[in-house]
Amino acid sequence: MGTKDRWYENATFYAIDVEAFADANGDGVGDFEGLSGRLDYLESLGIDCIWLLPFYPSPNRDNGYDVTDYYGVDDRHGTLGDFVEFVREADRRGIRVIIDLVANHTSDQHPWFQSARSDPESPYRDYYVWREDLPEEPDPSRGPVFPGEEDTVWSYDEKAEAFYYHRFYHYQPDLNLANPAVREEIRKIMGFWLELGVSGFRVDAATLMIDHKGGLESTKLDDPHGVLRDMRHFVERRGDDAILFAEADDAPERLGDYFGGSVGGRDADGTEVSAREGDEMNVLLNFLLDAYLVLGLAEEDADPIREVLDILPEIPEGGQWANFLRNYDELNVGRLPQDDQQNVFERFAPDETMRIYGRGIRRRLPPMLGGDSDRIRMAYSLLFSLPGTPLFVYGDEIGMGDDLELPGREAVRTPMQWSDEKNGGFSTADPEDLVRPMVSGGEYGYESVNVADQRGDPDSLLQWFSRLNRLRGECPEIGHGDCEVLDVDDHAVFAHRMASDHGTVVAVHNLGDDPAEATLELDDPVRLFGDATFEETDDDSWRFELGRYGYCWVREENGA
């Protein structure tokens, strides 16, 4: 993929769950017709790419990640025709669409698994991972992904008279990627959706896909990352400039491997080695940055952000991070040291009911930050200014809250709040028929937090988000420039410079509740965003006066 095709480097991604976004037929469940009807809104917001969560036929026991048919649309969301019309209408507005590729596991109701459990001679038997008895010593590093909800990764199937392997829920048996037939199925699935116009795939559970499943010889991959390389090569052959956007939550020293390729540097003889373009994932969700960024917000200290930028591996040419504050799952702080995890929990999830799986927080960002509009805006301004491309979830742009009375991750998956009308304008169905309850009443209820009200208010979070989003598109140096962290005296202030052939952008953020100052050596700064004041103190030195949670982006007029 040439440089001209790296559209993702300077894009903004917007995550949508079809069932919770807009309901056109009034049955209480979001659908593609409803989503298509909201494309003008998304265009006005200035997003570049929609990431669709699973919409395939499914028993829907795990928000659609338990797939029974990779080649269809669940009846609740419409038809394949509705999907194609949606993609066409999005493309007409210059908005790309990527979809979830759930290739680590299927539903136990998938025809493949039903055939596999029914007949040991079935060609689908080896699509899954089986053993006749339980391991004597389970591998603690390969335990359940959802501790407290699942006690084991091996479940017994009476019809098959064997145990099958599952890292997620027991109704989501893992696929055996060591089987060439499974990898061929994945290629067919990708080819099908590429023909329908998608711009790539968000690869679910990429780390677990290439794991040595169950520790069995039959699941051992001679070249685990070869699976991802093969997927990338297929997508590039069949999808023009389509991308792979992966969920790879691994140790820092292994993260860079998911991009493939190599970074520049010098070899053993000291000879300069140019960077080789990555040949695996184009984009990785930046879980590590997210955890440390949230730690910085909790402590009102910029040091964790400086630290994580040193921890993150260099990436090869063409690779990119997708940065986020909240995704659609729990906010995972499991990569932080234990004391830091506890600090985040105490600040942002003081009640045990706000926590999940021992590693995460099941809240949206505005409630975590106490509804403080200055702090919320500073946090997103910081996110959008960091090296990489930003990702946000439907409703972030209006400051939606959560419903902690809902179980598990569903607390942050409530329907989109469009207006103060019935069901927040999401659906005309009876409230008891909604896919999930609306957030109603209080500070975050749809009566007071909705798109319609904020559209008409130039000072609203929605209008601010739209300006921020469009500004990000005007700053390509953030997407693929070099990042330099600038020295400042106040630990609450984070300042950094992003420089490329396009120019130089400097961003300054105060993570603290108290006003702060920062003096930087800059070359004729011109304001881009934020209302912090700055003035020249002497030759090339500029002092920024930052209010509580203040921020400012500037462009150096004569910068490189």
# chains A, B, ... in the order shown; residues from 1 in each chain; ligands from 1
>>> select_by_dssp(residues="region 288-460 of chain A", states="strand (DSSP E or B)", output="list in words")
Glu317, Gln320, Trp321, Ala322, Asn323, Leu331, Asn332, Arg355, Ile356, Gly360, Ile361, Thr389, Pro390, Leu391, Phe392 and Val393 of chain A
>>> residues_around(residues="Trp193 (chain A)", least_positions_apart="5", cutoff="10 Å", atoms="only C-alpha atoms", output="ChimeraX atom specification")
/A:70-72,84,98-99,188,198-201,239
>>> residues_around(residues="Gly547 (chain A)", least_positions_apart="6", cutoff="7 Å", atoms="only C-alpha atoms", output="list in words")
Asp514, Pro515, Ala516 and Ala532 of chain A
>>> closest_atom_pairs(of="region 202-282 of chain A", to="region 39-55 of chain A", cutoff="10 Å", atoms="only C-alpha atoms", output="Markdown table")
| residue | atom | partner | partner_atom | distance |
| --- | --- | --- | --- | --- |
| A:Arg202 | CA | A:Trp51 | CA | 7.4 |
| A:Asp204 | CA | A:Leu53 | CA | 10.0 |
| A:Phe245 | CA | A:Trp51 | CA | 9.6 |
>>> atom_distance(atom1="CA of Arg413 (chain A)", atom2="CA of Val439 (chain A)")
10.2 Å
>>> closest_atom_pairs(of="region 377-396 of chain A", to="region 297-306 of chain A", cutoff="12 Å", atoms="only C-alpha atoms", output="CSV")
residue,atom,partner,partner_atom,distance
A:Met378,CA,A:Leu297,CA,9.9
A:Ala379,CA,A:Leu297,CA,7.7
A:Tyr380,CA,A:Leu297,CA,11.2
A:Leu382,CA,A:Ile305,CA,10.4
A:Leu383,CA,A:Ile305,CA,10.8
A:Leu386,CA,A:Ile305,CA,9.9
A:Pro387,CA,A:Ile305,CA,11.8
